[in-house]
Amino acid sequence: MKTKLYYAAMQMFAAILLMTACDKDDQPTIGQTQLATPVVTVDVDRNAKTIIASWQAVENADNYHYKISGDETLYETGETRLELQPYSKFEGGSHSITVQAVSTAQPGLFSPSEWGKADFTVESTKLQAPDALNADVDKESCTVTVSWAPVANAVSYLYKIDDGKEVPVSEPEISFSLFDYAPGEHSVSVKALAEGDAPTGRSASVKAVTAVASSDWSEVYTFTITDEPLPGVLGNKPLGHARLGDFYLNDGSLLRADSELSVEQADACIGIVFYAGRHETDRSDYTRPLTAGGPVLGSTVHGYVVSLTHVPNLLESYAHATDDSPSSISEWVVYDRWCNALEYHDTYGYISDGNTRHEHRYAYMGTIDSEEDFNGYYNCMAMLEYIAATNHECCEYPALTLAINYGKKSFGWKETYYGEKWDIKDLLVKMDVGDVYDWQLSFAAPQNSSGWFLPSHGQVCYAGNDYCKDSDGNVILSVWEFMDGQFEKVKKTTTREDLKEYIRAINRYVSQETINDPNDPGWSDRKIWFYRNIRTSSEEKDNWNRQREYGYNGTQGDYVRPVLAF
């Protein structure tokens, strides 16, 4: 009986051992032979910057698995020698590689080997910091080029200007516009990047260990951007490099927006750039002048300028033609078109010819009032051609007349409601206003420009507000404040005291005096002029009988704010 119990206990113990052995992954099953463990060696060649791992071929093995410390990826190879390069992101110090032999041809006969391991040490090195930095300022192309000596084993670089944003670059050279930074001294520093620090990072196909780290930042190199005038002109910026907010001068040159205005430059400023380049909708022919003797721009448009002020206008209203003094005088009533056509009436004498006036005043002359439309010059030319073709001596075009003669001549109109015998005439006649508005003569347009013209609805919308909107139509306050500040710079610096009160951004006329910061002492001298309308040269899309205005409805009147192309 004892003998039977003994044999039963031995059988149970053997079964437990067999079950335990089956839980181990690398244990051979019955009938399998485990492959021999690879003996791994590592050779680190610091001069060649290579790390080579090798082992003797294991009998009956046709493939090998391996792992590198710090990397959980399981790699495979059929070779017995690995060159671990190019260098990748590995800190200097102790590392290891483990290798396992496997048989893919006869897995039923040969089970994977134990892992063979080899330790190795890598000394840390750092790339040399870039040196020999040099900046070349090319005023002809308006570019700044900064270069440095290539750094051995660097895969790319970072640079920063004025300790600002770090920007990646693949070559040892950068270029940027002369107008990306304000005049004055600037600094640039560069850093060489090792492979692991490069933007592409380390890929799974690269089996590499490295001790190369990115360099320190280079010593700071300084360069200077100057704003001295270009040869022969007051401005310091070629027309082809125009940007929002640049100052446009009376000699047809540009002054960069970030310039510190001198008195001479402020006195020479006649407008501010509100759009750079030719707008895609503009189909105007600028080779045809609007006024006799020019100016004439030509076919190349570098941008558009809005005037510093409105165009002065005087309207004297008389109840009767025989009155010696006007019943009212206004600077803020500007009609777009007016017809003085009369017809005889047996009872009342000469009265207004309503049918003829309607026909003359409401003739279509311009493009639609889209905010995308930049055809102000085209519209003005269409109006002038219509006026010349019809030769209506009974008609006046105050808004157009004021705009295209801005800086040349002042105009006013006399409005009379009744004739000498109480007959109804309702006339508007151009009159001489003397020298009361001679301050505007300093704003004459240069001969190499289009000359001032009555803007389209789209042009005045952009100059007044759209220039500072993002892609979603939201106002970017910083841009608003910047553009408004450009007018303020001229106003505060100019010696032309007679026009200081008139210089202001467009929305200083048509909005309440609360934009930006009303508590700023620099704005305390502004007049509260608001709810005015700006006359444009565009047709109103909902009513073809009249021109579209820009602004807000109110009782403060209308005015003309001309623009020009350069």
# chains A, B, ... in the order shown; residues from 1 in each chain; ligands from 1
>>> residues_around(residues="Leu254 (chain A)", least_positions_apart="6", cutoff="6 Å", atoms="only C-alpha atoms", output="PyMOL selection string")
chain A and resi 235+237+247-248
>>> residues_around(residues="Phe487 (chain A)", least_positions_apart="3", cutoff="8 Å", atoms="only C-alpha atoms", output="list in words")
Ile272, Leu308, Met483, Asp484, Val490, Lys491, Ile503, Arg504 and Ala505 of chain A
>>> closest_residue(among="A:Ser214, A:Asn355, A:Thr104, A:Asn134", to="Ser175 (chain A)", atoms="only C-alpha atoms")
A:Asn134
>>> residues_around(residues="His302 (chain A)", least_positions_apart="6", cutoff="7 Å", atoms="only C-alpha atoms", output="PyMOL selection string")
chain A and resi 239-240+242+276-278+566
>>> closest_residue(among="A:Ser538, A:Ser156, A:Thr291, A:Gln486", to="Ser450 (chain A)", atoms="only C-alpha atoms")
A:Thr291
>>> closest_residue(among="A:Asp71, A:Tyr159, A:Asp267, A:Asn375", to="Glu280 (chain A)", atoms="only C-alpha atoms")
A:Asn375
>>> closest_residue(among="A:Leu427, A:Val479, A:Ala36, A:Val306", to="Trp338 (chain A)", atoms="only C-alpha atoms")
A:Leu427
>>> residues_around(residues="region 150-155 of chain A", least_positions_apart="2", cutoff="8 Å", atoms="only C-alpha atoms", output="list in words")
Leu127, Gln128, Ala129, Pro130, Trp148, Tyr157, Ser170, Pro172, Ala192, Leu193, Ala194, Glu195, Ala198 and Ser214 of chain A
>>> write_last_selection(atoms="N, CA and C atoms", output="PDB file, in the first residue's frame")
ATOM      1  N   LEU A 127      28.016  69.870 -30.183  1.00  0.00           N
ATOM      2  CA  LEU A 127      28.379  70.560 -31.417  1.00  0.00           C
ATOM      3  C   LEU A 127      28.984  71.921 -31.109  1.00  0.00           C
ATOM      4  N   GLN A 128      29.863  72.335 -31.980  1.00  0.00           N
ATOM      5  CA  GLN A 128      30.464  73.658 -31.834  1.00  0.00           C
ATOM      6  C   GLN A 128      29.412  74.732 -32.088  1.00  0.00           C
ATOM      7  N   ALA A 129      29.427  75.769 -31.294  1.00  0.00           N
ATOM      8  CA  ALA A 129      28.504  76.883 -31.510  1.00  0.00           C
ATOM      9  C   ALA A 129      28.855  77.595 -32.814  1.00  0.00           C
ATOM     10  N   PRO A 130      27.859  77.975 -33.598  1.00  0.00           N
ATOM     11  CA  PRO A 130      28.144  78.672 -34.861  1.00  0.00           C
ATOM     12  C   PRO A 130      28.970  79.926 -34.624  1.00  0.00           C
ATOM     13  N   TRP A 148      26.573  82.335 -41.495  1.00  0.00           N
ATOM     14  CA  TRP A 148      27.573  81.885 -40.527  1.00  0.00           C
ATOM     15  C   TRP A 148      28.274  80.653 -41.090  1.00  0.00           C
ATOM     16  N   TYR A 157      19.627  74.286 -37.954  1.00  0.00           N
ATOM     17  CA  TYR A 157      19.965  75.377 -37.040  1.00  0.00           C
ATOM     18  C   TYR A 157      18.687  76.037 -36.522  1.00  0.00           C
ATOM     19  N   SER A 170      17.347  75.259 -42.355  1.00  0.00           N
ATOM     20  CA  SER A 170      18.168  74.107 -42.730  1.00  0.00           C
ATOM     21  C   SER A 170      19.572  74.486 -43.178  1.00  0.00           C
ATOM     22  N   PRO A 172      22.967  77.380 -43.350  1.00  0.00           N
ATOM     23  CA  PRO A 172      23.625  78.377 -42.491  1.00  0.00           C
ATOM     24  C   PRO A 172      23.476  79.800 -43.034  1.00  0.00           C
ATOM     25  N   ALA A 192      23.370  75.424 -33.405  1.00  0.00           N
ATOM     26  CA  ALA A 192      23.478  74.249 -34.270  1.00  0.00           C
ATOM     27  C   ALA A 192      22.752  73.077 -33.622  1.00  0.00           C
ATOM     28  N   LEU A 193      21.963  72.357 -34.414  1.00  0.00           N
ATOM     29  CA  LEU A 193      21.163  71.260 -33.886  1.00  0.00           C
ATOM     30  C   LEU A 193      21.756  69.912 -34.267  1.00  0.00           C
ATOM     31  N   ALA A 194      21.844  69.016 -33.271  1.00  0.00           N
ATOM     32  CA  ALA A 194      22.212  67.630 -33.536  1.00  0.00           C
ATOM     33  C   ALA A 194      21.003  66.898 -34.113  1.00  0.00           C
ATOM     34  N   GLU A 195      21.251  65.688 -34.614  1.00  0.00           N
ATOM     35  CA  GLU A 195      20.190  64.983 -35.340  1.00  0.00           C
ATOM     36  C   GLU A 195      18.942  64.768 -34.495  1.00  0.00           C
ATOM     37  N   ALA A 198      16.767  67.899 -34.263  1.00  0.00           N
ATOM     38  CA  ALA A 198      16.214  68.468 -35.488  1.00  0.00           C
ATOM     39  C   ALA A 198      14.713  68.236 -35.523  1.00  0.00           C
ATOM     40  N   SER A 214      23.190  69.178 -29.250  1.00  0.00           N
ATOM     41  CA  SER A 214      23.142  70.466 -29.940  1.00  0.00           C
ATOM     42  C   SER A 214      24.047  71.468 -29.250  1.00  0.00           C
TER      43      SER A 214
END
>>> residues_around(residues="Tyr66 (chain A)", least_positions_apart="4", cutoff="10 Å", atoms="only C-alpha atoms", output="PyMOL selection string")
chain A and resi 73-77+97-101+115-117
>>> residues_around(residues="Lys469 (chain A)", least_positions_apart="6", cutoff="12 Å", atoms="only C-alpha atoms", output="compact mmCIF listing (two decimals) with C-alpha atoms, in the first residue's frame")
# COMPACT_ATOMS: atom_id res chain seq x y z
CA CYS A 461 -14.47 100.99 -46.44
CA TYR A 462 -10.99 99.49 -46.46
CA ALA A 463 -9.27 102.77 -45.60
CA VAL A 475 -11.37 94.10 -35.67
CA ILE A 476 -7.76 93.66 -34.58
CA LEU A 477 -7.46 96.50 -32.09
CA SER A 478 -3.67 96.70 -32.24
CA VAL A 479 -3.80 97.33 -36.01
CA TRP A 480 -6.56 99.90 -35.52
>>> residues_around(residues="Gly164 (chain A)", least_positions_apart="5", cutoff="12 Å", atoms="only C-alpha atoms", output="PyMOL selection string")
chain A and resi 158-159+181+186-190
>>> write_last_selection(atoms="N, CA and C atoms", output="CSV table (one decimal), in the first residue's frame")
chain,number,residue,atom,x,y,z
A,158,LEU,N,18.8,76.7,-35.4
A,158,LEU,CA,17.8,77.6,-34.9
A,158,LEU,C,18.4,79.0,-34.9
A,159,TYR,N,17.6,80.0,-35.2
A,159,TYR,CA,18.1,81.4,-35.0
A,159,TYR,C,17.0,82.2,-34.3
A,181,TYR,N,11.9,94.8,-39.4
A,181,TYR,CA,12.4,95.3,-38.1
A,181,TYR,C,12.6,96.8,-38.2
A,186,HIS,N,20.0,95.7,-34.0
A,186,HIS,CA,19.3,94.5,-33.7
A,186,HIS,C,20.4,93.4,-33.5
A,187,SER,N,20.0,92.3,-32.8
A,187,SER,CA,20.9,91.2,-32.5
A,187,SER,C,20.4,89.9,-33.1
A,188,VAL,N,21.3,89.0,-33.4
A,188,VAL,CA,20.9,87.7,-33.9
A,188,VAL,C,21.8,86.7,-33.3
A,189,SER,N,21.3,85.6,-32.9
A,189,SER,CA,22.0,84.5,-32.3
A,189,SER,C,21.6,83.2,-33.0
A,190,VAL,N,22.5,82.2,-33.1
A,190,VAL,CA,22.3,81.0,-33.9
A,190,VAL,C,22.7,79.8,-33.0
>>> closest_residue(among="A:Ser449, A:Thr143, A:Thr495, A:Pro398", to="Thr300 (chain A)", atoms="only C-alpha atoms")
A:Ser449
>>> select_by_dssp(residues="region 53-251 of chain A", states="helix (DSSP H, G or I)", output="short mmCIF file (atom, residue, chain, number, x, y, z; two decimals) with N, CA and C atoms, in the first residue's frame")
data_model
loop_
_atom_site.label_atom_id
_atom_site.label_comp_id
_atom_site.auth_asym_id
_atom_site.auth_seq_id
_atom_site.Cartn_x
_atom_site.Cartn_y
_atom_site.Cartn_z
N GLU A 195 21.25 65.69 -34.61
CA GLU A 195 20.19 64.98 -35.34
C GLU A 195 18.94 64.77 -34.49
N GLY A 196 19.10 64.40 -33.27
CA GLY A 196 17.94 64.14 -32.43
C GLY A 196 17.14 65.37 -32.09
N ASP A 197 17.76 66.54 -32.18
CA ASP A 197 17.07 67.79 -31.87
C ASP A 197 16.44 68.43 -33.09
N LEU A 239 9.03 102.27 -53.56
CA LEU A 239 7.58 102.14 -53.69
C LEU A 239 7.14 100.68 -53.75
N GLY A 240 7.97 99.84 -54.33
CA GLY A 240 7.61 98.43 -54.47
C GLY A 240 7.57 97.67 -53.17
N HIS A 241 7.99 98.28 -52.07
CA HIS A 241 7.98 97.63 -50.76
C HIS A 241 6.97 98.28 -49.82
#
>>> atom_distance(atom1="CA of Arg561 (chain A)", atom2="CA of Leu249 (chain A)")
17.4 Å
>>> closest_residue(among="A:Asn465, A:Glu539, A:Tyr377, A:Ser284", to="Gly551 (chain A)", atoms="only C-alpha atoms")
A:Asn465
>>> select_by_dssp(residues="region 321-552 of chain A", states="strand (DSSP E or B)", output="PyMOL selection string")
chain A and resi 328-330+338-339+342-345+349-352+368+395-396+411-418+424-431+453+469+475+533-540+543-551
